[in-house]
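Chemist: So here's work_5.tsv, just TSV, C-alpha atoms and all ligand atoms:
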chain	number	residue	atom	x	y	z
A	30	MET	CA	-51.39	44.95	61.13
A	31	THR	CA	-51.28	45.95	57.47
A	32	ILE	CA	-48.99	44.06	55.13
A	33	ALA	CA	-48.09	46.33	52.26
A	34	THR	CA	-45.33	44.28	50.71
A	35	GLY	CA	-45.95	41.66	48.06
A	36	ARG	CA	-48.49	41.90	45.32
A	37	ASN	CA	-51.97	43.23	45.64
A	38	PHE	CA	-54.37	40.46	44.66
A	39	LEU	CA	-56.76	42.19	42.32
A	40	HIS	CA	-60.04	40.30	42.55
A	41	THR	CA	-62.37	43.12	41.63
A	42	PRO	CA	-64.50	42.18	38.61
A	43	GLY	CA	-62.64	44.66	36.45
A	44	PRO	CA	-60.14	46.01	35.99
A	45	THR	CA	-58.28	42.73	36.28
A	46	ASN	CA	-54.66	41.61	36.54
A	47	ILE	CA	-52.44	42.70	33.66
A	48	PRO	CA	-49.74	40.13	32.79
A	49	ASP	CA	-46.15	41.38	32.90
A	50	ARG	CA	-45.81	40.54	29.21
A	51	VAL	CA	-48.66	42.90	28.41
A	52	LEU	CA	-47.20	45.62	30.62
A	53	ARG	CA	-43.81	45.27	28.95
A	54	ALA	CA	-45.38	45.49	25.50
A	55	MET	CA	-46.38	49.06	26.35
A	56	ALA	CA	-42.87	50.08	27.42
A	57	GLN	CA	-41.79	51.44	24.08
A	58	PRO	CA	-41.78	54.76	22.30
A	59	ALA	CA	-44.71	56.04	20.29
A	60	VAL	CA	-44.41	55.19	16.62
A	61	ASP	CA	-45.31	56.73	13.28
A	62	PHE	CA	-48.72	55.17	12.80
A	63	SER	CA	-48.39	55.20	9.02
A	64	THR	CA	-45.61	52.62	8.96
A	65	PRO	CA	-46.34	49.26	7.30
A	66	GLU	CA	-45.34	47.51	10.54
A	67	PHE	CA	-47.91	49.37	12.62
A	68	LEU	CA	-50.61	48.86	10.00
A	69	ALA	CA	-49.83	45.15	9.84
A	70	MET	CA	-50.13	44.96	13.62
A	71	LEU	CA	-53.49	46.74	13.48
A	72	ARG	CA	-54.78	44.40	10.80
A	73	SER	CA	-53.69	41.40	12.84
A	74	ILE	CA	-55.53	42.76	15.89
A	75	PHE	CA	-58.77	43.24	13.98
A	76	ALA	CA	-58.44	39.73	12.50
A	77	ASP	CA	-57.75	38.16	15.89
A	78	LEU	CA	-60.60	40.01	17.57
A	79	LYS	CA	-62.91	38.44	15.00
A	80	ARG	CA	-61.60	35.06	16.16
A	81	VAL	CA	-62.34	36.00	19.77
A	82	PHE	CA	-65.89	37.10	18.93
A	83	ARG	CA	-66.18	34.06	16.65
A	84	THR	CA	-67.35	35.97	13.65
A	85	GLU	CA	-66.29	35.57	10.06
A	86	SER	CA	-69.03	37.58	8.40
A	87	GLY	CA	-69.12	40.42	10.94
A	88	ASP	CA	-66.76	43.34	11.51
A	89	VAL	CA	-65.06	44.48	14.68
A	90	ILE	CA	-64.72	48.14	15.59
A	91	VAL	CA	-62.19	49.16	18.27
A	92	TYR	CA	-62.76	52.31	20.30
A	93	ALA	CA	-60.39	54.19	22.59
A	94	SER	CA	-63.01	54.06	25.30
A	95	ASN	CA	-64.36	52.09	28.22
A	96	GLY	CA	-67.39	49.83	28.05
A	97	HIS	CA	-69.81	52.73	28.45
A	98	GLY	CA	-68.50	54.24	25.25
A	99	ALA	CA	-69.01	50.99	23.37
A	100	TRP	CA	-72.54	50.78	24.78
A	101	GLU	CA	-73.23	54.24	23.38
A	102	ALA	CA	-71.63	53.31	20.07
A	103	ALA	CA	-73.89	50.27	19.75
A	104	LEU	CA	-77.02	52.34	20.45
A	105	VAL	CA	-76.30	55.33	18.22
A	106	ASN	CA	-75.27	53.20	15.26
A	107	ALA	CA	-78.16	50.75	15.33
A	108	LEU	CA	-81.16	52.75	16.52
A	109	SER	CA	-83.25	55.83	15.82
A	110	PRO	CA	-85.13	58.17	18.19
A	111	GLY	CA	-88.49	56.66	19.14
A	112	ASP	CA	-87.37	53.09	18.44
A	113	HIS	CA	-88.37	50.57	21.08
A	114	VAL	CA	-85.92	48.11	22.63
A	115	LEU	CA	-86.67	45.11	24.83
A	116	VAL	CA	-84.52	44.79	27.95
A	117	PRO	CA	-84.76	41.95	30.48
A	118	GLY	CA	-84.39	43.78	33.81
A	119	VAL	CA	-82.21	41.15	35.41
A	120	GLY	CA	-79.23	43.15	36.59
A	121	HIS	CA	-77.39	46.38	37.11
A	122	PHE	CA	-75.76	46.55	33.71
A	123	SER	CA	-78.87	45.81	31.64
A	124	VAL	CA	-80.68	48.54	33.59
A	125	ASN	CA	-77.80	50.98	33.03
A	126	TRP	CA	-77.58	50.23	29.32
A	127	ALA	CA	-81.34	50.75	29.10
A	128	GLU	CA	-81.05	54.10	30.91
A	129	MET	CA	-78.46	55.18	28.39
A	130	ALA	CA	-80.84	54.19	25.58
A	131	GLU	CA	-83.56	56.35	27.15
A	132	ALA	CA	-81.20	59.32	27.17
A	133	PHE	CA	-81.15	59.03	23.38
A	134	GLY	CA	-84.93	59.04	23.05
A	135	ILE	CA	-85.24	55.28	22.70
A	136	VAL	CA	-88.27	53.71	24.38
A	137	VAL	CA	-87.37	50.87	26.71
A	138	GLU	CA	-89.75	47.96	27.24
A	139	THR	CA	-88.53	46.15	30.33
A	140	LEU	CA	-89.19	42.54	31.23
A	141	PRO	CA	-89.35	42.29	35.03
A	142	GLY	CA	-86.61	40.26	36.69
A	143	ASP	CA	-85.48	39.57	40.25
A	144	TRP	CA	-81.66	39.82	39.86
A	145	ARG	CA	-81.22	36.26	41.17
A	146	HIS	CA	-82.19	34.58	37.92
A	147	GLY	CA	-80.98	35.05	34.40
A	148	VAL	CA	-82.89	36.17	31.35
A	149	ASP	CA	-86.03	34.12	30.72
A	150	PRO	CA	-86.07	33.26	27.00
A	151	ALA	CA	-89.78	32.28	27.18
A	152	ALA	CA	-90.67	35.78	28.40
A	153	ILE	CA	-88.71	37.29	25.51
A	154	GLU	CA	-90.50	35.02	23.05
A	155	ALA	CA	-93.94	35.88	24.47
A	156	HIS	CA	-93.19	39.61	24.43
A	157	LEU	CA	-91.94	39.56	20.87
A	158	LYS	CA	-94.86	37.42	19.67
A	159	ALA	CA	-97.22	40.04	21.07
A	160	ASP	CA	-95.31	42.75	19.20
A	161	THR	CA	-97.04	42.01	15.90
A	162	GLY	CA	-96.25	45.47	14.51
A	163	HIS	CA	-92.49	44.92	15.12
A	164	ARG	CA	-92.19	48.08	17.15
A	165	VAL	CA	-89.26	46.53	19.06
A	166	LYS	CA	-86.11	47.12	17.04
A	167	ALA	CA	-83.59	45.38	19.29
A	168	VAL	CA	-83.30	43.02	22.25
A	169	LEU	CA	-80.58	44.28	24.63
A	170	THR	CA	-79.04	41.53	26.74
A	171	VAL	CA	-76.06	41.39	29.08
A	172	HIS	CA	-74.11	38.14	28.70
A	173	THR	CA	-72.69	38.09	32.23
A	174	ASP	CA	-74.05	40.73	34.54
A	175	THR	CA	-71.14	41.70	36.76
A	176	ALA	CA	-73.47	42.73	39.59
A	177	THR	CA	-75.50	39.52	39.77
A	178	SER	CA	-72.75	37.21	38.44
A	179	ILE	CA	-75.34	35.44	36.33
A	180	THR	CA	-74.68	34.42	32.73
A	181	ALA	CA	-77.44	34.53	30.13
A	182	ASP	CA	-78.16	31.59	27.84
A	183	LEU	CA	-77.56	33.42	24.57
A	184	PRO	CA	-78.43	30.56	22.18
A	185	ALA	CA	-81.76	30.13	23.99
A	186	ILE	CA	-82.49	33.85	23.61
A	187	ARG	CA	-81.65	33.63	19.91
A	188	ARG	CA	-84.11	30.74	19.58
A	189	ALA	CA	-86.75	32.78	21.40
A	190	ILE	CA	-86.36	35.65	18.91
A	191	ASP	CA	-86.54	33.18	16.01
A	192	ASN	CA	-89.55	31.35	17.46
A	193	ALA	CA	-91.36	34.66	17.62
A	194	GLY	CA	-90.43	35.26	13.98
A	195	HIS	CA	-89.30	38.73	15.02
A	196	PRO	CA	-86.76	40.81	13.06
A	197	ALA	CA	-85.35	42.68	16.11
A	198	LEU	CA	-81.58	43.00	16.32
A	199	PHE	CA	-79.96	40.85	19.01
A	200	MET	CA	-77.55	43.14	20.87
A	201	VAL	CA	-75.34	41.64	23.58
A	202	ASP	CA	-73.04	43.19	26.17
A	203	THR	CA	-70.30	40.61	26.67
A	204	VAL	CA	-67.98	43.00	28.54
A	205	ALA	CA	-67.66	40.72	31.58
A	206	ALA	CA	-67.82	37.42	29.72
A	207	LEU	CA	-65.66	37.66	26.60
A	208	GLY	CA	-62.65	35.39	26.92
A	209	THR	CA	-64.04	33.61	29.99
A	210	VAL	CA	-66.92	31.63	28.54
A	211	GLU	CA	-68.02	30.57	25.08
A	212	PHE	CA	-69.26	33.33	22.82
A	213	ARG	CA	-70.20	32.59	19.20
A	214	MET	CA	-71.38	35.67	17.38
A	215	ASP	CA	-72.15	34.07	14.01
A	216	ASP	CA	-73.53	30.76	15.28
A	217	TRP	CA	-75.78	32.46	17.82
A	218	GLY	CA	-77.02	35.13	15.42
A	219	ILE	CA	-75.79	38.05	17.49
A	220	ASP	CA	-76.04	41.33	15.61
A	221	VAL	CA	-74.09	43.67	17.88
A	222	ALA	CA	-71.67	42.56	20.58
A	223	VAL	CA	-70.17	45.04	23.03
A	224	GLY	CA	-66.83	44.11	24.62
A	225	GLY	CA	-64.20	45.72	26.80
A	226	SER	CA	-60.48	45.19	27.19
A	227	GLN	CA	-60.06	45.23	30.96
A	228	LYS	CA	-61.73	41.99	31.98
A	229	GLY	CA	-61.24	38.57	30.42
A	230	LEU	CA	-58.75	39.86	27.86
A	231	MET	CA	-56.23	40.89	30.56
A	232	GLN	CA	-55.77	44.43	29.27
A	233	PRO	CA	-55.46	47.86	30.77
A	234	PRO	CA	-58.80	49.69	30.74
A	235	GLY	CA	-59.20	51.95	27.74
A	236	LEU	CA	-60.22	49.91	24.72
A	237	ALA	CA	-63.72	48.72	23.93
A	238	PHE	CA	-65.28	46.90	21.01
A	239	ASN	CA	-68.37	46.59	18.88
A	240	ALA	CA	-68.63	43.43	16.80
A	241	VAL	CA	-71.24	44.01	14.15
A	242	SER	CA	-73.18	41.67	11.86
A	243	ARG	CA	-73.99	42.44	8.22
A	244	LYS	CA	-77.63	42.87	9.24
A	245	ALA	CA	-76.68	45.45	11.88
A	246	LEU	CA	-74.48	47.30	9.38
A	247	ALA	CA	-77.38	47.46	6.94
A	248	VAL	CA	-79.75	48.73	9.67
A	249	SER	CA	-77.12	51.25	10.66
A	250	ASP	CA	-77.25	52.87	7.23
A	251	GLY	CA	-80.79	54.02	7.94
A	252	ALA	CA	-80.35	54.74	11.66
A	253	LYS	CA	-81.10	58.32	12.61
A	254	LEU	CA	-79.35	59.07	15.90
A	255	PRO	CA	-76.57	61.65	15.51
A	256	ARG	CA	-73.11	60.09	15.47
A	257	LEU	CA	-69.71	60.87	14.14
A	258	TYR	CA	-66.96	59.72	16.49
A	259	TRP	CA	-68.75	56.42	17.13
A	260	ASP	CA	-69.87	55.88	13.53
A	261	TRP	CA	-69.15	52.30	12.40
A	262	ARG	CA	-69.08	53.36	8.73
A	263	ARG	CA	-66.58	56.14	9.27
A	264	ARG	CA	-64.30	53.73	11.09
A	265	GLN	CA	-64.38	51.28	8.22
A	266	ASP	CA	-62.97	53.86	5.86
A	267	GLU	CA	-59.71	52.60	4.36
A	268	ALA	CA	-57.98	55.73	5.64
A	269	TYR	CA	-56.36	54.10	8.62
A	270	TYR	CA	-56.53	57.28	10.70
A	271	LYS	CA	-60.25	56.77	10.70
A	272	TRP	CA	-60.15	53.26	12.06
A	273	PHE	CA	-59.86	55.17	15.30
A	274	CYS	CA	-61.45	58.39	14.12
A	275	GLY	CA	-58.18	60.05	15.08
A	276	THR	CA	-54.82	59.06	16.51
A	277	PRO	CA	-54.75	55.33	17.33
A	278	PRO	CA	-54.22	54.57	21.05
A	279	GLU	CA	-50.89	52.98	20.17
A	280	HIS	CA	-49.76	51.68	23.53
A	281	LEU	CA	-53.09	50.11	24.33
A	282	LEU	CA	-52.87	48.43	20.94
A	283	PHE	CA	-49.35	47.12	21.65
A	284	ALA	CA	-50.79	45.70	24.86
A	285	LEU	CA	-53.76	44.20	23.08
A	286	ARG	CA	-51.53	42.54	20.48
A	287	GLU	CA	-49.54	40.87	23.26
A	288	GLY	CA	-52.69	39.90	25.17
A	289	LEU	CA	-54.25	38.32	22.09
A	290	ASP	CA	-51.05	36.33	21.57
A	291	MET	CA	-51.44	35.04	25.11
A	292	VAL	CA	-55.11	34.20	24.55
A	293	PHE	CA	-54.30	32.09	21.51
A	294	GLU	CA	-51.23	30.49	23.11
A	295	GLU	CA	-53.48	29.21	25.88
A	296	GLY	CA	-56.34	28.55	23.46
A	297	LEU	CA	-59.80	30.02	23.94
A	298	GLU	CA	-61.30	26.66	24.93
A	299	ASN	CA	-58.60	26.13	27.54
A	300	ALA	CA	-59.20	29.61	28.92
A	301	PHE	CA	-62.91	28.84	29.23
A	302	ALA	CA	-62.11	25.56	31.04
A	303	ARG	CA	-59.71	27.37	33.39
A	304	HIS	CA	-62.36	29.97	34.23
A	305	ALA	CA	-64.94	27.24	34.84
A	306	ARG	CA	-62.59	25.39	37.20
A	307	LEU	CA	-61.61	28.48	39.19
A	308	ALA	CA	-65.22	29.63	39.44
A	309	GLU	CA	-66.26	26.21	40.71
A	310	ALA	CA	-63.50	26.37	43.34
A	311	VAL	CA	-64.92	29.70	44.54
A	312	ARG	CA	-68.41	28.22	44.66
A	313	ARG	CA	-67.17	25.21	46.66
A	314	ALA	CA	-65.77	27.60	49.27
A	315	ILE	CA	-69.05	29.51	49.43
A	316	ALA	CA	-71.04	26.30	49.82
A	317	VAL	CA	-69.07	25.60	53.01
A	318	TRP	CA	-69.25	29.18	54.32
A	319	ALA	CA	-73.00	29.14	53.67
A	320	ARG	CA	-73.46	26.53	56.41
A	321	GLY	CA	-73.17	29.44	58.85
A	322	ASN	CA	-76.63	30.56	57.59
A	323	CYS	CA	-75.52	34.03	56.59
A	324	LEU	CA	-73.82	33.80	53.19
A	325	SER	CA	-75.29	32.48	49.95
A	326	LEU	CA	-74.63	32.50	46.24
A	327	ASN	CA	-76.64	35.21	44.49
A	328	ALA	CA	-77.26	32.95	41.49
A	329	ALA	CA	-80.36	31.06	42.62
A	330	ASN	CA	-79.87	28.59	39.79
A	331	PRO	CA	-76.26	27.33	40.03
A	332	ARG	CA	-76.31	26.47	36.31
A	333	GLU	CA	-76.54	30.21	35.61
A	334	ALA	CA	-73.60	31.13	37.87
A	335	ALA	CA	-70.91	33.05	36.01
A	336	ASN	CA	-67.37	31.85	35.47
A	337	SER	CA	-65.88	35.34	35.66
A	338	VAL	CA	-67.25	36.76	38.92
A	339	THR	CA	-69.19	35.51	41.93
A	340	THR	CA	-71.67	37.54	43.95
A	341	ILE	CA	-72.18	36.43	47.54
A	342	LEU	CA	-75.24	37.64	49.49
A	343	VAL	CA	-74.78	38.50	53.16
A	344	GLU	CA	-77.77	38.43	55.49
A	345	GLY	CA	-78.12	40.21	58.80
A	346	GLY	CA	-77.01	43.77	58.07
A	347	HIS	CA	-73.28	43.20	58.47
A	348	ASP	CA	-70.93	46.04	57.53
A	349	ILE	CA	-69.83	44.96	54.05
A	350	GLU	CA	-67.64	47.98	53.50
A	351	LYS	CA	-65.67	47.22	56.66
A	352	PHE	CA	-65.32	43.65	55.45
A	353	ARG	CA	-64.12	44.76	51.99
A	354	LEU	CA	-61.59	47.13	53.54
A	355	THR	CA	-60.37	44.38	55.89
A	356	CYS	CA	-59.70	42.19	52.86
A	357	ARG	CA	-57.90	44.99	51.08
A	358	ASP	CA	-56.01	46.79	53.83
A	359	ARG	CA	-55.20	43.86	56.06
A	360	PHE	CA	-54.63	41.15	53.44
A	361	ASN	CA	-53.93	43.09	50.25
A	362	VAL	CA	-56.79	41.37	48.44
A	363	SER	CA	-59.18	43.62	46.52
A	364	ILE	CA	-62.75	42.44	46.18
A	365	ALA	CA	-65.90	44.45	45.43
A	366	THR	CA	-69.16	45.19	47.21
A	367	GLY	CA	-72.64	44.63	45.78
A	368	LEU	CA	-74.12	47.00	43.22
A	369	GLY	CA	-77.60	48.49	42.94
A	370	PRO	CA	-80.13	46.81	45.25
A	371	SER	CA	-77.44	44.50	46.65
A	372	ARG	CA	-75.19	47.39	47.71
A	373	GLY	CA	-74.44	46.83	51.39
A	374	LYS	CA	-75.89	43.33	51.19
A	375	ALA	CA	-73.36	41.47	49.06
A	376	PHE	CA	-69.74	41.22	48.06
A	377	ARG	CA	-68.20	40.06	44.80
A	378	ILE	CA	-65.07	38.10	44.00
A	379	GLY	CA	-63.70	38.57	40.50
A	380	HIS	CA	-61.91	35.60	38.93
A	381	MET	CA	-61.43	36.49	35.32
A	382	GLY	CA	-58.51	37.06	33.03
A	383	PHE	CA	-54.98	36.48	34.26
A	384	VAL	CA	-55.72	34.21	37.26
A	385	ASN	CA	-54.61	30.77	38.38
A	386	GLU	CA	-55.19	28.37	41.26
A	387	PRO	CA	-52.87	29.85	43.91
A	388	MET	CA	-54.27	33.31	43.27
A	389	ILE	CA	-57.79	32.00	43.84
A	390	ILE	CA	-56.79	30.04	46.95
A	391	GLY	CA	-54.98	33.12	48.30
A	392	ALA	CA	-57.98	35.35	47.68
A	393	LEU	CA	-60.36	32.86	49.28
A	394	ALA	CA	-58.09	32.55	52.32
A	395	ALA	CA	-58.10	36.32	52.78
A	396	VAL	CA	-61.88	36.40	52.40
A	397	GLU	CA	-62.30	33.62	54.98
A	398	ALA	CA	-59.97	35.35	57.43
A	399	SER	CA	-61.78	38.67	56.92
A	400	LEU	CA	-65.15	37.03	57.51
A	401	ALA	CA	-63.80	35.84	60.85
A	402	LEU	CA	-62.27	39.22	61.72
A	403	CYS	CA	-65.52	41.02	60.91
A	404	GLY	CA	-67.72	38.57	62.78
A	405	ILE	CA	-69.68	37.52	59.71
A	406	PRO	CA	-71.10	34.05	60.42
A	407	HIS	CA	-69.68	31.29	58.26
A	408	ALA	CA	-68.58	27.69	58.62
A	409	ARG	CA	-64.82	27.23	58.45
A	410	GLY	CA	-63.21	25.14	55.75
A	411	GLY	CA	-64.15	26.98	52.57
A	412	VAL	CA	-60.55	27.29	51.46
A	413	THR	CA	-59.96	23.60	52.12
A	414	ALA	CA	-63.01	22.68	50.07
A	415	ALA	CA	-61.79	24.85	47.20
A	416	SER	CA	-58.29	23.37	47.23
A	417	GLU	CA	-59.67	19.82	47.51
A	418	TYR	CA	-61.81	20.49	44.46
A	419	LEU	CA	-58.81	21.84	42.53
A	420	ALA	CA	-56.79	18.78	43.50
A	421	THR	CA	-59.32	16.46	41.96
A	422	ALA	CA	-60.92	18.41	39.08
B	501	LIG	C1	-71.29	43.77	32.06
B	501	LIG	C2	-70.72	45.15	32.01
B	501	LIG	N1	-71.12	45.99	31.05
B	501	LIG	C3	-70.62	47.22	30.95
B	501	LIG	C4	-69.69	47.70	31.84
B	501	LIG	C5	-69.18	49.08	31.71
B	501	LIG	O1	-67.84	49.05	31.36
B	501	LIG	P1	-66.84	50.25	31.75
B	501	LIG	O2	-66.77	50.28	33.24
B	501	LIG	O3	-65.56	49.87	31.10
B	501	LIG	O4	-67.43	51.50	31.19
B	501	LIG	C6	-69.24	46.86	32.86
B	501	LIG	C7	-68.26	47.31	33.85
B	501	LIG	O5	-67.99	46.71	34.83
B	501	LIG	C8	-69.76	45.55	32.94
B	501	LIG	O6	-69.37	44.72	33.90
Once you've parsed the file, please lay out its structure as structure tokens.
Ligand SMILES: Cc1ncc(COP(=O)(O)O)c(C=O)c1O
Modeler:
Amino acid sequence: MTIATGRNFLHTPGPTNIPDRVLRAMAQPAVDFSTPEFLAMLRSIFADLKRVFRTESGDVIVYASNGHGAWEAALVNALSPGDHVLVPGVGHFSVNWAEMAEAFGIVVETLPGDWRHGVDPAAIEAHLKADTGHRVKAVLTVHTDTATSITADLPAIRRAIDNAGHPALFMVDTVAALGTVEFRMDDWGIDVAVGGSQKGLMQPPGLAFNAVSRKALAVSDGAKLPRLYWDWRRRQDEAYYKWFCGTPPEHLLFALREGLDMVFEEGLENAFARHARLAEAVRRAIAVWARGNCLSLNAANPREAANSVTTILVEGGHDIEKFRLTCRDRFNVSIATGLGPSRGKAFRIGHMGFVNEPMIIGALAAVEASLALCGIPHARGGVTAASEYLATA
């Protein structure tokens, strides 16, 4: 029996639920983008994004693009052909960002990783110490890898770069973390941060960000990769048309304005605490299911487990796609399968952005029922454990 009425519970790790307020903000005509009102709105968005990235000295660039575009923007602005970058190979998105770098003639030095642990700051420090000629121009790190659901310790990585006395830029993809967990660009010495709209910020897909330090802007002046549309400098031109290098994506910006209002009404710290609570509820459910000796948390070190998404490993060759489709088509709950090496061996529950307790409990109940329907071994009571945790936390 398929139940098609009621809401679809969107628990993919992006795109995420869009609040009605944000949807309504887009239901308006296009406007003349030269009006003082529109320009004031734009300025307020750029100012508020700086608050989200926690940067006062840096600048934020907004692209009409998805995260891949912002990845490319970060690379072509900061690097030159033949430059080396250091990439900890700890997940799908760091590997993909590195592959993109290679397409631009950048040489990738990869630190081996097993996808069940986060970035090892000591390995970064050792690698950079050995790079006495400063061949490495940037360290590329993913804050929360959406495939592994592991969050990197960014301050520790910053310390590792400093301990090595290395001038490399610190470039961070915070696409799947921004708005869900602390991120402090200035305090943590991050030079380039890549963000996207469609995850923690509760937006439609289509906007992506680069937050850029003064050091990165200075490096960018001498960077040699061809760029025009993505060029940070061009987009800082006072001619407002060029803030977007063309027509501003007005409706996505109306949505973003509303979403940022919601972020600050809740308060960033409160949003982080909410994400931590909901993620812990998911992990409590998994801890119970895991007693069936088939399911386990991908994050081998629970302290590294992400607050925005959870990856659950499934042993025994069970049909994960059938399980995912049971969740979606039978219970109207969308989850995701594993990526890269864990494709067919894992599923992922997204819990970022516009989510609350009953949504999480509902999603977990559908997952538990689908596990039973698909014959995937698990101990019952995961949903109860999650709700008991929420009742006390
Ligand atoms: C951590 C991370 N980086 C980058 C991307 C790419 O973003 P997009 O799909 O918007 O291009 C994603 C998408 O899921 C992501 O999770």
Chemist: Between chain A and ligand LIG 501 (chain B), at 6 Å or less, what are the per-residue closest atom pairs and their distances in Å? Count all atoms listed in the file, order by chain and rising residue number, and return it as CSV.
Modeler:
residue,atom,partner,partner_atom,distance
A:Gly43,CA,B:LIG501,O5,6.0
A:Asn95,CA,B:LIG501,O3,3.8
A:Gly96,CA,B:LIG501,O1,3.4
A:His97,CA,B:LIG501,O4,3.8
A:Phe122,CA,B:LIG501,N1,5.4
A:Thr173,CA,B:LIG501,C1,5.9
A:Asp174,CA,B:LIG501,C1,4.8
A:Thr175,CA,B:LIG501,O6,4.5
A:Asp202,CA,B:LIG501,N1,5.9
A:Val204,CA,B:LIG501,C1,4.9
A:Ala205,CA,B:LIG501,C1,4.8
Chemist: Determine, for each residue of range 45-72 of chain A having at least one atom at most 10 Å from an atom of range 289-299 of chain A, the closest pair of atoms and their separation in Å to one decimal, counting only C-alpha atoms; order by chain and ascending number, as CSV.
Modeler:
residue,atom,partner,partner_atom,distance
A:Pro48,CA,A:Met291,CA,9.4
A:Arg50,CA,A:Met291,CA,8.9
A:Val51,CA,A:Met291,CA,9.0
Chemist: If you count only C-alpha atoms, which residues fall within 10 Å of Pro110 in chain A, apart from same-chain ones fewer than 5 positions away, as an mmCIF file with C-alpha atoms, keeping the file's coordinate frame?
Modeler:
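Final output, around05.cif:
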data_model
loop_
_atom_site.group_PDB
_atom_site.id
_atom_site.type_symbol
_atom_site.label_atom_id
_atom_site.label_comp_id
_atom_site.auth_asym_id
_atom_site.auth_seq_id
_atom_site.Cartn_x
_atom_site.Cartn_y
_atom_site.Cartn_z
ATOM 1 C CA VAL A 105 -76.300 55.330 18.220
ATOM 2 C CA ALA A 130 -80.840 54.190 25.580
ATOM 3 C CA GLU A 131 -83.560 56.350 27.150
ATOM 4 C CA ALA A 132 -81.200 59.320 27.170
ATOM 5 C CA PHE A 133 -81.150 59.030 23.380
ATOM 6 C CA GLY A 134 -84.930 59.040 23.050
ATOM 7 C CA ILE A 135 -85.240 55.280 22.700
ATOM 8 C CA VAL A 136 -88.270 53.710 24.380
ATOM 9 C CA ALA A 252 -80.350 54.740 11.660
ATOM 10 C CA LYS A 253 -81.100 58.320 12.610
ATOM 11 C CA LEU A 254 -79.350 59.070 15.900
ATOM 12 C CA PRO A 255 -76.570 61.650 15.510
#
Chemist: Need the shell around range 221-236 of chain A: protein/DNA/RNA residues with any atom at most 7 Å away, counting all atoms listed in the file. Skip same-chain ones fewer than 5 positions apart. Format as a count of residues only?
Modeler: 35
Chemist: Please identify all polymer residues within 10 Å of Ile341 in chain A, counting only C-alpha atoms, omitting same-chain residues fewer than 4 positions from it, and present them as a list in words.
Modeler: Thr177, Ser178, Arg312, Ile315, Ala319, Cys323, Leu324, Ser325, Leu326, Asn327, Ala328, Thr366, Gly367, Ser371, Lys374, Ala375, Phe376, Arg377 and Ile378 of chain A
Chemist: Counting only C-alpha atoms, which of A:Asp220, A:Glu138, A:Asp266, A:Asp182 gets nearest to Ala197 in chain A?
Modeler: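 Answer, going by the shortest atom-to-atom distance: A:Asp220.
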Chemist: Smallest atom-to-atom distance to Glu344 in chain A: which of A:Leu393, A:Asn192, A:Ile405, A:Arg313, using all atoms listed in the file?
Modeler: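 When distances to Glu344 in chain A are compared using all atoms listed in the file, the smallest one comes from A:Ile405.
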Chemist: Grab the CA of Ile186 in chain A to CA of Arg372 in chain A distance for me, in Å with one decimal place.
Modeler: 28.6 Å
Chemist: Restricting the calculation to only C-alpha atoms: of A:Ala189, A:Glu417, A:Ala335, A:Tyr258, which residue gets closest to Trp272 in chain A?
Modeler: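 Residue with the minimum atom-to-atom distance to Trp272 in chain A: A:Tyr258.
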Chemist: Quick one, how far is CA of Arg164 in chain A from CA of Thr84 in chain A?
Modeler: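 Computed distance, CA of Arg164 in chain A to CA of Thr84 in chain A, equals 27.9 Å.
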Chemist: Counting only C-alpha atoms, which residues in range 240-323 of chain A sit no more than 7 Å from range 52-55 of chain A? For each one, give the nearest pair of atoms and the distance in Å, sorted by chain then residue number, as CSV.
Modeler:
residue,atom,partner,partner_atom,distance
A:His280,CA,A:Met55,CA,5.1
A:Phe283,CA,A:Ala54,CA,5.8
A:Ala284,CA,A:Ala54,CA,5.5
A:Glu287,CA,A:Ala54,CA,6.6
Chemist: For Val210 in chain A, find every residue with an atom within 9 Å (counting all atoms listed in the file), except residues of its own chain fewer than 6 positions away, and show them as a ChimeraX atom specification.
Modeler: /A:297-298,300-302,304-305,335-337
Chemist: With distances taken over all atoms listed in the file, which of A:Trp261, A:Ala365, A:Leu104, A:Gly120 is nearest to Cys274 in chain A?
Modeler: A:Trp261
Chemist: When you count all atoms listed in the file, which of these residues is closest to Ile349 in chain A: A:Val384, A:Leu246, A:Ala127, A:Ile364?
Modeler: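 Distance minimum relative to Ile349 in chain A lands on A:Ile364.
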Chemist: Taking (-54.1, 40.8, 15.1) in the file's own coordinates, collect the residues within 10 Å, counting all atoms listed in the file, and hand them back as a PyMOL selection string.
Modeler: chain A and resi 69-80+282+285-287+289-290
Chemist: Atoms to include: C-alpha atoms. Write the selected residues as a tab-separated table (two decimals), in the coordinates of the input.
Modeler:
chain	number	residue	atom	x	y	z
A	69	ALA	CA	-49.83	45.15	9.84
A	70	MET	CA	-50.13	44.96	13.62
A	71	LEU	CA	-53.49	46.74	13.48
A	72	ARG	CA	-54.78	44.40	10.80
A	73	SER	CA	-53.69	41.40	12.84
A	74	ILE	CA	-55.53	42.76	15.89
A	75	PHE	CA	-58.77	43.24	13.98
A	76	ALA	CA	-58.44	39.73	12.50
A	77	ASP	CA	-57.75	38.16	15.89
A	78	LEU	CA	-60.60	40.01	17.57
A	79	LYS	CA	-62.91	38.44	15.00
A	80	ARG	CA	-61.60	35.06	16.16
A	282	LEU	CA	-52.87	48.43	20.94
A	285	LEU	CA	-53.76	44.20	23.08
A	286	ARG	CA	-51.53	42.54	20.48
A	287	GLU	CA	-49.54	40.87	23.26
A	289	LEU	CA	-54.25	38.32	22.09
A	290	ASP	CA	-51.05	36.33	21.57
Chemist: Using Å and a single decimal, report how far CA of Pro278 in chain A sits from CA of Phe62 in chain A.
Modeler: 9.9 Å
Chemist: Would you list the residues near (-79.3, 28.4, 23.8), meaning any protein, DNA or RNA residue with an atom at most 12 Å from that point in file coordinates, counting only C-alpha atoms, as a list in words?
Modeler: Val148, Asp149, Pro150, Ala151, Thr180, Ala181, Asp182, Leu183, Pro184, Ala185, Ile186, Arg187, Arg188, Ala189, Ile190, Asp191, Glu211, Phe212, Arg213, Asp216, Trp217 and Gly218 of chain A
